[in-house]
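Asks: Sharing a structure here in structure tokens format.
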Amino acid sequence: EAAEKGGYPHFVLKEIYEQPQALRRALAGRIREGRLHLSELESIQGLLAGIQRIVIVACGTSYHAGLLAKYVIEQWARIPVEAITAAEFRYCDPIVGPETLCIAVTQSGETADTLVGIRQARERGAPVIAITNVVASAITRLSDAVLYLQAGPEIGVVATKTFVTSVAVLYLLGLYLGQQQGRITSEQMREFVTALERLPEQIEHILTQASGPEDQIAPLAKRMSQVSSMMFIGRGVGFPTALEGALKLKEISYIHAEGFPAGELKHGSIALLDPDTPLFGIATASHVYEKVVSNIQEVRARDARVMVIATEGDEKIRQHAHDVLYVPATLEAFSPLLAIIPLQLFAYHAAVARGCNVDQPRNLAKSVTVE
Ligand code: AGP
């Protein structure tokens, strides 16, 4: 087992560090010479031409990837998108038919709720695209087309590299649909593709810093590891990032954590804040940056400890936060793929400091095959 961990103390840490390579593999062959090629979708082009809405069905971390995709697909393709957790979708008598593209996101390809939901959608005539990491898994037999993550095996129970690659593959699909709808010019496409291709080296940069002497994440996580509750806030694509940051923390460190849309905080959850409840704000460069900063100021006013994920070069944010973890600049849509890396590392180090079993957390399984 030690050999399989490749020198890392845990599979989770190994898989966090494998993310640049996993992302390269997910993009490989799909972006060539600055252009997008999704040959997997060629056979269903006719089905895709008639779609009027999209429903993304998934659970847990895969659902968070779906929530991110909602923001970008709507923006790029101007097709309405709903992301819904599979355990709800299957019981809500879903209104889907041949005009609704259903996208199943499931790294294992075996999640029972997702399989049942997608079976229902198929029975109602909806075209289905599966996004999964496992070749020939059950979901692939229920789908008209499959986009594999190509992330390599993920042994740790918590999803890390399969999250980043699920988001990347959903984004490629979004770009494909945007192109098909005639909503993305070739110049815009070049800009997106260039930014996507830079992401693996940008993730490497974050990981290299985190393993160097200047690392802030492990000491911060250690300091925070004894708190009983934490909050994560973000707006726009920062919101699903906050949800995923909170999920990672609770899954492996057992610290209670919740993610919220930053603007929603004042409608109730702000009552939870006190000096013993630290908060992570996702404040990377975006069109809602100023709004996030103002939400962070509301939090500071309650004496909560504020940690922020921000874009390199943003010195102004320091006056609003006790700790700032920087990530490289990218296009707003792609910022979650960078912002999530310090949050994964934070969860990992907090869990190690608490002596938790990070590779196999209590009560969790890699694929949930019960309904
Ligand atoms: C992720 O860290 C979790 N273990 C869990 O939420 C998971 O994402 C969920 O069960 C869905 O799994 P799937 O992607 O294999 O369908």
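How things are named: the first chain in the structure tokens is A, the next is B, and so on; residues count from 1 in each chain; ligands count from 1 in the order shown.
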Please provide the set of residues having any atom within 10 Å of Ile217 in chain A, restricted to only C-alpha atoms, with same-chain residues fewer than 2 positions apart removed, written as a list of chain:residue names.
Replies: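 With the cut-off at 10 Å, the set is A:Gln209, A:Ala210, A:Ser211, A:Glu214, A:Asp215, A:Pro219, A:Leu220, A:Ala221, A:Lys222, A:Arg223, A:Asp323, A:Val324, A:Leu325, A:Pro342, A:Leu343, A:Gln344, A:Leu345, A:Phe346, A:Ala347, A:Tyr348, A:His349, A:Ala350.
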Asks: The selected residues should be written to file as a CSV table (one decimal), in the first residue's frame (atoms: N, CA and C atoms).
Replies:
chain,number,residue,atom,x,y,z
A,209,GLN,N,3.7,25.8,-4.1
A,209,GLN,CA,3.8,26.7,-2.9
A,209,GLN,C,3.4,26.0,-1.6
A,210,ALA,N,2.4,25.2,-1.7
A,210,ALA,CA,1.8,24.5,-0.5
A,210,ALA,C,2.8,23.5,0.0
A,211,SER,N,3.8,23.1,-0.8
A,211,SER,CA,4.7,22.1,-0.2
A,211,SER,C,6.1,22.8,0.1
A,214,GLU,N,7.2,28.4,2.6
A,214,GLU,CA,6.3,29.5,2.8
A,214,GLU,C,4.8,29.1,2.9
A,215,ASP,N,4.6,27.8,2.9
A,215,ASP,CA,3.2,27.3,3.0
A,215,ASP,C,2.4,27.9,4.1
A,219,PRO,N,-0.3,25.3,8.3
A,219,PRO,CA,-0.3,25.9,9.6
A,219,PRO,C,-1.6,26.5,10.0
A,220,LEU,N,-2.3,27.1,9.0
A,220,LEU,CA,-3.6,27.7,9.2
A,220,LEU,C,-4.6,26.6,9.6
A,221,ALA,N,-4.6,25.5,8.8
A,221,ALA,CA,-5.5,24.4,9.1
A,221,ALA,C,-5.3,23.8,10.5
A,222,LYS,N,-4.1,23.7,10.8
A,222,LYS,CA,-3.7,23.2,12.2
A,222,LYS,C,-4.3,24.1,13.3
A,223,ARG,N,-4.1,25.4,13.0
A,223,ARG,CA,-4.6,26.3,14.0
A,223,ARG,C,-6.2,26.3,14.2
A,323,ASP,N,-6.5,36.1,7.2
A,323,ASP,CA,-5.6,35.3,6.4
A,323,ASP,C,-6.1,35.3,5.0
A,324,VAL,N,-5.1,35.4,4.1
A,324,VAL,CA,-5.5,35.4,2.6
A,324,VAL,C,-4.7,34.3,2.0
A,325,LEU,N,-5.4,33.4,1.3
A,325,LEU,CA,-4.7,32.4,0.5
A,325,LEU,C,-4.9,32.7,-1.0
A,342,PRO,N,-6.7,25.1,-2.5
A,342,PRO,CA,-6.4,25.4,-1.1
A,342,PRO,C,-7.4,24.9,-0.1
A,343,LEU,N,-8.7,24.9,-0.6
A,343,LEU,CA,-9.7,24.4,0.4
A,343,LEU,C,-9.6,22.9,0.6
A,344,GLN,N,-9.2,22.2,-0.5
A,344,GLN,CA,-9.0,20.7,-0.3
A,344,GLN,C,-7.8,20.5,0.7
A,345,LEU,N,-6.8,21.3,0.5
A,345,LEU,CA,-5.6,21.1,1.3
A,345,LEU,C,-5.9,21.5,2.8
A,346,PHE,N,-6.7,22.5,2.9
A,346,PHE,CA,-7.1,23.0,4.3
A,346,PHE,C,-7.8,21.8,5.0
A,347,ALA,N,-8.8,21.2,4.3
A,347,ALA,CA,-9.6,20.1,4.8
A,347,ALA,C,-8.7,19.0,5.2
A,348,TYR,N,-7.7,18.6,4.3
A,348,TYR,CA,-6.8,17.5,4.5
A,348,TYR,C,-6.0,17.8,5.8
A,349,HIS,N,-5.4,19.0,5.9
A,349,HIS,CA,-4.5,19.2,7.0
A,349,HIS,C,-5.2,19.3,8.3
A,350,ALA,N,-6.5,19.9,8.3
A,350,ALA,CA,-7.3,20.0,9.5
A,350,ALA,C,-7.6,18.5,10.0
Asks: Report as an NGL selection string all protein, DNA and RNA residues lying within 12 Å of range 31-42 of chain A, evaluated on only C-alpha atoms, omitting residues in the same chain fewer than 5 positions from it.
Replies: :A and (23-26 or 47-49 or 127-131 or 143-148 or 168-180 or 184-197)
Asks: Ligand 1: which residues are within 6 Å, counting only C-alpha atoms and all ligand atoms? Reply as a PyMOL selection string.
Replies: chain A and resi 59-62+106-109+111+157-159+366-368
Asks: Selected residues, N, CA and C atoms, written as a CSV table (one decimal), in the first residue's frame, please.
Replies:
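result24.csv, freshly written:
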chain,number,residue,atom,x,y,z
A,59,CYS,N,-25.1,13.6,-7.3
A,59,CYS,CA,-25.1,13.7,-5.8
A,59,CYS,C,-23.8,14.2,-5.3
A,60,GLY,N,-23.8,14.8,-4.1
A,60,GLY,CA,-22.6,15.2,-3.4
A,60,GLY,C,-21.7,16.1,-4.2
A,61,THR,N,-20.4,15.7,-4.2
A,61,THR,CA,-19.5,16.6,-4.9
A,61,THR,C,-19.8,16.7,-6.4
A,62,SER,N,-20.3,15.6,-7.0
A,62,SER,CA,-20.7,15.7,-8.4
A,62,SER,C,-21.8,16.7,-8.6
A,106,THR,N,-21.4,11.4,-12.3
A,106,THR,CA,-21.1,10.4,-11.2
A,106,THR,C,-19.7,9.8,-11.5
A,107,GLN,N,-18.8,10.2,-10.6
A,107,GLN,CA,-17.4,9.7,-10.8
A,107,GLN,C,-17.4,8.2,-10.8
A,108,SER,N,-18.2,7.5,-9.9
A,108,SER,CA,-18.1,6.1,-9.8
A,108,SER,C,-19.0,5.4,-10.9
A,109,GLY,N,-20.0,6.1,-11.4
A,109,GLY,CA,-20.9,5.6,-12.4
A,109,GLY,C,-21.9,4.6,-11.7
A,111,THR,N,-23.7,5.3,-8.5
A,111,THR,CA,-24.5,5.8,-7.5
A,111,THR,C,-26.0,5.5,-7.7
A,157,VAL,N,-11.8,8.1,-0.3
A,157,VAL,CA,-13.2,8.1,-0.4
A,157,VAL,C,-13.7,9.5,-0.9
A,158,VAL,N,-13.1,10.5,-0.4
A,158,VAL,CA,-13.5,11.9,-0.8
A,158,VAL,C,-13.0,12.2,-2.3
A,159,ALA,N,-13.9,12.8,-3.0
A,159,ALA,CA,-13.6,13.2,-4.4
A,159,ALA,C,-12.8,14.5,-4.4
A,366,LYS,N,-17.1,4.9,-1.1
A,366,LYS,CA,-16.7,5.5,-2.4
A,366,LYS,C,-17.8,5.6,-3.3
A,367,SER,N,-18.6,4.6,-3.4
A,367,SER,CA,-19.8,4.7,-4.2
A,367,SER,C,-21.0,4.2,-3.4
A,368,VAL,N,-22.1,5.0,-3.5
A,368,VAL,CA,-23.2,4.8,-2.6
A,368,VAL,C,-24.2,4.0,-3.5
Asks: From the DSSP assignment of the backbone, select every residue of range 298-348 of chain A that is strand (DSSP E or B), and format the answer as a ChimeraX atom specification.
Replies: /A:306-311,323-327
Asks: Run DSSP on the backbone and give me the residues of range 33-272 of chain A it puts in alpha helix (DSSP H), as a ChimeraX atom specification.
Replies: /A:45-49,60-77,86-89,112-123,161-180,186-210,217-224,238-253
Asks: Would you mind telling me which residue in A:Leu243, A:Leu207, A:Ala351, A:Met230 lies nearest to Asp274 in chain A when using only C-alpha atoms?
Replies: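 Among A:Leu243, A:Leu207, A:Ala351, A:Met230, it is A:Met230 that comes nearest to Asp274 in chain A.
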Asks: State, in Å with one decimal place, the distance from CA of Tyr71 in chain A to CA of Leu338 in chain A.
Replies: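 Interatomic distance here is 16.7 Å.
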Asks: What does the structure give for the distance between CA of Thr85 in chain A and CA of Val299 in chain A, in Å to one decimal?
Replies: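 Computing the Euclidean distance for CA of Thr85 in chain A and CA of Val299 in chain A yields 29.5 Å.
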Asks: Show me, as a PyMOL selection string, the residues that have an atom within 9 Å of Gly50 in chain A when counting only C-alpha atoms, minus same-chain residues fewer than 6 positions from it.
Replies: chain A and resi 98-100
Asks: So which one's closest to His322 in chain A, A:Leu13, A:Leu273, A:Ile341, A:Ile296? Using only C-alpha atoms, please.
Replies: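 So, comparing all the options, the nearest one is A:Ile296.
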Asks: For Ala242 in chain A, list every protein, DNA or RNA residue within 7 Å, evaluated using only C-alpha atoms, and leave out those in the same chain fewer than 4 positions away; present the list as a VMD selection string.
Replies: chain A and resid 232 to 234 238 246 259 to 260 282
Asks: Could you take the residues named above and write them with N, CA and C atoms, as a tab-separated table (two decimals), in the first residue's frame?
Replies:
chain	number	residue	atom	x	y	z
A	232	PHE	N	-18.56	28.84	4.95
A	232	PHE	CA	-17.92	29.14	3.66
A	232	PHE	C	-18.92	29.95	2.85
A	233	ILE	N	-18.49	31.08	2.30
A	233	ILE	CA	-19.42	31.87	1.49
A	233	ILE	C	-18.80	32.25	0.15
A	234	GLY	N	-19.66	32.40	-0.86
A	234	GLY	CA	-19.23	32.84	-2.18
A	234	GLY	C	-20.45	33.25	-2.98
A	238	GLY	N	-18.49	31.23	-7.15
A	238	GLY	CA	-17.90	31.09	-5.82
A	238	GLY	C	-18.83	30.37	-4.85
A	246	ALA	N	-16.87	23.34	2.00
A	246	ALA	CA	-17.50	22.93	3.27
A	246	ALA	C	-17.67	21.41	3.32
A	259	GLY	N	-21.82	25.76	3.61
A	259	GLY	CA	-21.56	26.73	2.55
A	259	GLY	C	-22.83	27.52	2.26
A	260	PHE	N	-22.68	28.82	1.99
A	260	PHE	CA	-23.85	29.66	1.70
A	260	PHE	C	-23.55	30.59	0.53
A	282	ILE	N	-14.89	33.19	-0.52
A	282	ILE	CA	-14.30	32.99	-1.84
A	282	ILE	C	-14.37	34.35	-2.53
Asks: With only C-alpha atoms as the basis for distance, which of A:Ala283, A:Leu142, A:Val288, A:Ile84 is at the shortest distance from Ile309 in chain A?
Replies: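 Result for the nearest residue to Ile309 in chain A: A:Ala283.
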Asks: For Ile155 in chain A, which residue among A:Arg300, A:Phe11, A:Asn357, A:Asn295 is the nearest when counting only C-alpha atoms?
Replies: A:Phe11
Asks: Excluding Phe89 in chain A and any residue of its chain fewer than 6 positions from it, enumerate the residues within 10 Å of it, using only C-alpha atoms, and give them as a PDB file with N, CA and C atoms, in the first residue's frame.
Replies:
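What follows is the written file out.pdb:
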ATOM      1  N   VAL A  55     -30.996  19.331 -17.699  1.00  0.00           N
ATOM      2  CA  VAL A  55     -31.081  19.001 -16.274  1.00  0.00           C
ATOM      3  C   VAL A  55     -29.837  18.179 -15.921  1.00  0.00           C
ATOM      4  N   ILE A  56     -29.127  18.640 -14.905  1.00  0.00           N
ATOM      5  CA  ILE A  56     -27.932  17.914 -14.455  1.00  0.00           C
ATOM      6  C   ILE A  56     -28.300  17.165 -13.177  1.00  0.00           C
ATOM      7  N   VAL A  57     -28.128  15.845 -13.218  1.00  0.00           N
ATOM      8  CA  VAL A  57     -28.548  14.986 -12.102  1.00  0.00           C
ATOM      9  C   VAL A  57     -27.289  14.384 -11.462  1.00  0.00           C
ATOM     10  N   ALA A  58     -27.115  14.581 -10.164  1.00  0.00           N
ATOM     11  CA  ALA A  58     -25.887  14.113  -9.512  1.00  0.00           C
ATOM     12  C   ALA A  58     -26.050  14.180  -8.002  1.00  0.00           C
ATOM     13  N   ALA A  83     -29.643  22.211 -12.023  1.00  0.00           N
ATOM     14  CA  ALA A  83     -28.831  21.143 -11.414  1.00  0.00           C
ATOM     15  C   ALA A  83     -29.606  20.652 -10.205  1.00  0.00           C
ATOM     16  N   ILE A  95     -40.263  16.768 -14.996  1.00  0.00           N
ATOM     17  CA  ILE A  95     -40.813  17.158 -16.301  1.00  0.00           C
ATOM     18  C   ILE A  95     -39.645  17.158 -17.284  1.00  0.00           C
ATOM     19  N   ASP A 113     -28.977   6.476  -6.569  1.00  0.00           N
ATOM     20  CA  ASP A 113     -29.972   7.535  -6.806  1.00  0.00           C
ATOM     21  C   ASP A 113     -29.821   8.134  -8.208  1.00  0.00           C
ATOM     22  N   THR A 114     -28.592   8.306  -8.635  1.00  0.00           N
ATOM     23  CA  THR A 114     -28.361   8.883  -9.964  1.00  0.00           C
ATOM     24  C   THR A 114     -28.834   7.910 -11.046  1.00  0.00           C
ATOM     25  N   VAL A 116     -31.166   5.586 -10.814  1.00  0.00           N
ATOM     26  CA  VAL A 116     -32.632   5.495 -10.855  1.00  0.00           C
ATOM     27  C   VAL A 116     -33.209   6.749 -11.521  1.00  0.00           C
ATOM     28  N   GLY A 117     -32.686   7.914 -11.155  1.00  0.00           N
ATOM     29  CA  GLY A 117     -33.180   9.172 -11.745  1.00  0.00           C
ATOM     30  C   GLY A 117     -32.994   9.184 -13.252  1.00  0.00           C
ATOM     31  N   ILE A 118     -31.844   8.730 -13.695  1.00  0.00           N
ATOM     32  CA  ILE A 118     -31.551   8.764 -15.133  1.00  0.00           C
ATOM     33  C   ILE A 118     -32.398   7.726 -15.880  1.00  0.00           C
ATOM     34  N   GLN A 120     -35.403   6.946 -15.133  1.00  0.00           N
ATOM     35  CA  GLN A 120     -36.712   7.621 -15.296  1.00  0.00           C
ATOM     36  C   GLN A 120     -36.674   8.613 -16.454  1.00  0.00           C
ATOM     37  N   ALA A 121     -35.600   9.378 -16.515  1.00  0.00           N
ATOM     38  CA  ALA A 121     -35.487  10.395 -17.570  1.00  0.00           C
ATOM     39  C   ALA A 121     -35.486   9.732 -18.947  1.00  0.00           C
TER      40      ALA A 121
END
Asks: Hey, what's within 12 Å of Gly236 in chain A if we count only C-alpha atoms and toss same-chain stuff fewer than 6 positions away? As a PDB file with C-alpha atoms, in the first residue's frame, please?
Replies:
ATOM      1  CA  LEU A  67     -24.128  23.569  -9.898  1.00  0.00           C
ATOM      2  CA  LEU A  68     -21.001  25.202 -11.300  1.00  0.00           C
ATOM      3  CA  ALA A  69     -21.895  24.006 -14.781  1.00  0.00           C
ATOM      4  CA  LYS A  70     -25.318  25.638 -14.498  1.00  0.00           C
ATOM      5  CA  TYR A  71     -23.694  29.067 -14.250  1.00  0.00           C
ATOM      6  CA  VAL A  72     -21.387  28.619 -17.211  1.00  0.00           C
ATOM      7  CA  GLN A  75     -23.928  31.980 -19.890  1.00  0.00           C
ATOM      8  CA  ALA A 242     -18.039  27.326  -1.016  1.00  0.00           C
ATOM      9  CA  LEU A 243     -20.371  24.302  -0.855  1.00  0.00           C
ATOM     10  CA  PHE A 260     -23.847  29.661   1.704  1.00  0.00           C
ATOM     11  CA  PRO A 261     -24.416  32.133  -1.092  1.00  0.00           C
ATOM     12  CA  ALA A 262     -22.700  35.204   0.416  1.00  0.00           C
ATOM     13  CA  GLY A 263     -25.744  37.425  -0.096  1.00  0.00           C
ATOM     14  CA  ILE A 282     -14.298  32.992  -1.839  1.00  0.00           C
ATOM     15  CA  ALA A 283     -13.219  36.402  -3.118  1.00  0.00           C
ATOM     16  CA  THR A 284     -11.398  35.692  -6.362  1.00  0.00           C
ATOM     17  CA  ALA A 285     -11.644  38.269  -9.166  1.00  0.00           C
ATOM     18  CA  SER A 286     -15.194  38.332 -10.539  1.00  0.00           C
ATOM     19  CA  HIS A 287     -18.052  40.590 -11.522  1.00  0.00           C
ATOM     20  CA  VAL A 288     -19.426  40.175  -7.985  1.00  0.00           C
ATOM     21  CA  TYR A 289     -16.107  40.733  -6.200  1.00  0.00           C
ATOM     22  CA  LYS A 291     -20.391  42.387  -3.319  1.00  0.00           C
ATOM     23  CA  VAL A 292     -18.443  39.512  -1.762  1.00  0.00           C
ATOM     24  CA  GLU A 332     -13.943  34.104 -13.733  1.00  0.00           C
ATOM     25  CA  ALA A 333     -15.681  30.919 -14.931  1.00  0.00           C
ATOM     26  CA  PHE A 334     -12.539  28.864 -14.330  1.00  0.00           C
ATOM     27  CA  SER A 335     -11.672  30.340 -10.921  1.00  0.00           C
ATOM     28  CA  PRO A 336     -13.326  27.473  -8.931  1.00  0.00           C
TER      29      PRO A 336
END
Asks: Neighbouring residues of Tyr17 in chain A were defined as those with any atom within 9 Å, considering only C-alpha atoms; residues of the same chain fewer than 4 positions away were excluded. Please report them as a short mmCIF file (atom, residue, chain, number, x, y, z; two decimals) with N, CA and C atoms, in the first residue's frame.
Replies:
data_model
loop_
_atom_site.label_atom_id
_atom_site.label_comp_id
_atom_site.auth_asym_id
_atom_site.auth_seq_id
_atom_site.Cartn_x
_atom_site.Cartn_y
_atom_site.Cartn_z
N VAL A 12 -5.49 10.54 -0.29
CA VAL A 12 -6.15 11.83 -0.56
C VAL A 12 -5.12 12.88 -0.96
N LEU A 13 -4.01 12.92 -0.23
CA LEU A 13 -2.99 13.93 -0.55
C LEU A 13 -2.37 13.64 -1.92
N GLN A 21 -2.10 16.65 -13.48
CA GLN A 21 -2.00 15.58 -14.47
C GLN A 21 -3.37 15.06 -14.87
N LYS A 161 -9.66 14.82 -7.28
CA LYS A 161 -9.35 14.98 -8.70
C LYS A 161 -10.56 14.68 -9.58
N ILE A 203 -2.52 25.10 -11.25
CA ILE A 203 -2.75 24.24 -10.07
C ILE A 203 -1.40 23.78 -9.51
N GLU A 204 -0.48 23.42 -10.43
CA GLU A 204 0.87 23.02 -10.00
C GLU A 204 1.52 24.11 -9.16
N LEU A 207 0.14 24.05 -5.72
CA LEU A 207 0.61 22.87 -4.99
C LEU A 207 2.09 22.99 -4.62
#
Asks: Tell me, in Å to one decimal, how far CA of Glu315 in chain A is from CA of Arg198 in chain A.
Replies: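 Computed distance, CA of Glu315 in chain A to CA of Arg198 in chain A, equals 23.3 Å.
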